[in-house]
Amino acid sequence: MNAPNESAPPGGEAPQDPPLPTRFGLLTLVSLAVVGIGVAVAAVMSGGDVAAPTSTGAVGLTGSPAPDFTVPLLAGGDFSLAEHIASDGRPLILNLWASWCIPCRDELPEFDRVAAEHPEVAFLGVAVEDQEAAAREFAEEVGVSFPLGFDDSGNVSTAYQTFGLPVTVAIASDGSVARQITSRVPEEQLLELLEELDG
């Protein structure tokens with residue numbers, strides 16, 4: 001007498017693998033998802049401008065009003081974009097950075113040199129997605145002369161959708177976004193942004 005099949009459930013047949021087409025369909029979906037993520041990461045790492053507008057209006061802000069924000073400054077006081085636009089009259093270079101961001105460390109000293117040579121344009125750096133103590137330590141190490149703030153509420157990061165850092169936003173004197181760039185901006189490119197703001 002043959003021994004009963006121990007892998008089979010009582011009174012039934014042994015479980016079988018899913019049909020081959022089902023398994024291939026699942027693998028195809030997973031592969032497509034991985035490729036899509038890879039394309040998105042490559043787009044961010046390539047340093048191009050931020051993607052086209054979405055229904056939320058949070059990305060692809062070029063030509064649109066810059067989202068308003070108020071942040072505490074690391075040196076004391078606050079910076080309000082609305083107040084700057086209403087009272088200062090200068091265009092603004094907004095640089096979003098973090099203490100853990102290596103390209104930010106390379107970029108900020110160049111921004112500082114350009115800011116000192118072009119007082120007709122205001123500069124503001126804002127630490128996003130960071131810890132305040134780490135941001136303060138980083139700011140002291142880098143030692144730039146223009147104001148640095150801290151995104152304590154996360155509103156700046158949300159409004160400007162930081163999919164990577166650094167992010168530079170050129171804001172015209174009328175409060176519209178001239179350009180938004182996600183990547184390190186070399187000094188030559190930063191000077192080109194200033195020319196666009198003058199135009």
# chains A, B, ... in the order shown; residues from 1 in each chain; ligands from 1
call {"tool": "residues_around", "arguments": {"residues": "Val142 (chain A)", "least_positions_apart": "2", "cutoff": "12 Å", "atoms": "only C-alpha atoms", "output": "PyMOL selection string"}}
result
chain A and resi 97-99+102+104-112+125+135-140+144-146+148
call {"tool": "atom_distance", "arguments": {"atom1": "CA of Gln131 (chain A)", "atom2": "CA of Ser153 (chain A)"}}
result
11.6 Å
call {"tool": "closest_residue", "arguments": {"among": "A:Glu117, A:Glu187, A:Asp130, A:Asp88", "to": "Ser173 (chain A)", "atoms": "only C-alpha atoms"}}
result
A:Asp88
call {"tool": "residues_around", "arguments": {"residues": "Ala172 (chain A)", "least_positions_apart": "6", "cutoff": "8 Å", "atoms": "only C-alpha atoms", "output": "ChimeraX atom specification"}}
result
/A:90-92,178,197
call {"tool": "select_by_dssp", "arguments": {"residues": "region 85-178 of chain A", "states": "strand (DSSP E)", "output": "list in words"}}
result
Leu92, Ile93, Leu94, Asn95, Leu96, Trp97, Ala122, Phe123, Leu124, Gly125, Val126, Ala127, Leu148, Gly149, Phe150, Val167, Thr168, Val169, Ala170, Ile171, Val177 and Ala178 of chain A
call {"tool": "closest_residue", "arguments": {"among": "A:Thr70, A:Asn95, A:Thr62, A:Ser80", "to": "Arg184 (chain A)", "atoms": "only C-alpha atoms"}}
result
A:Asn95
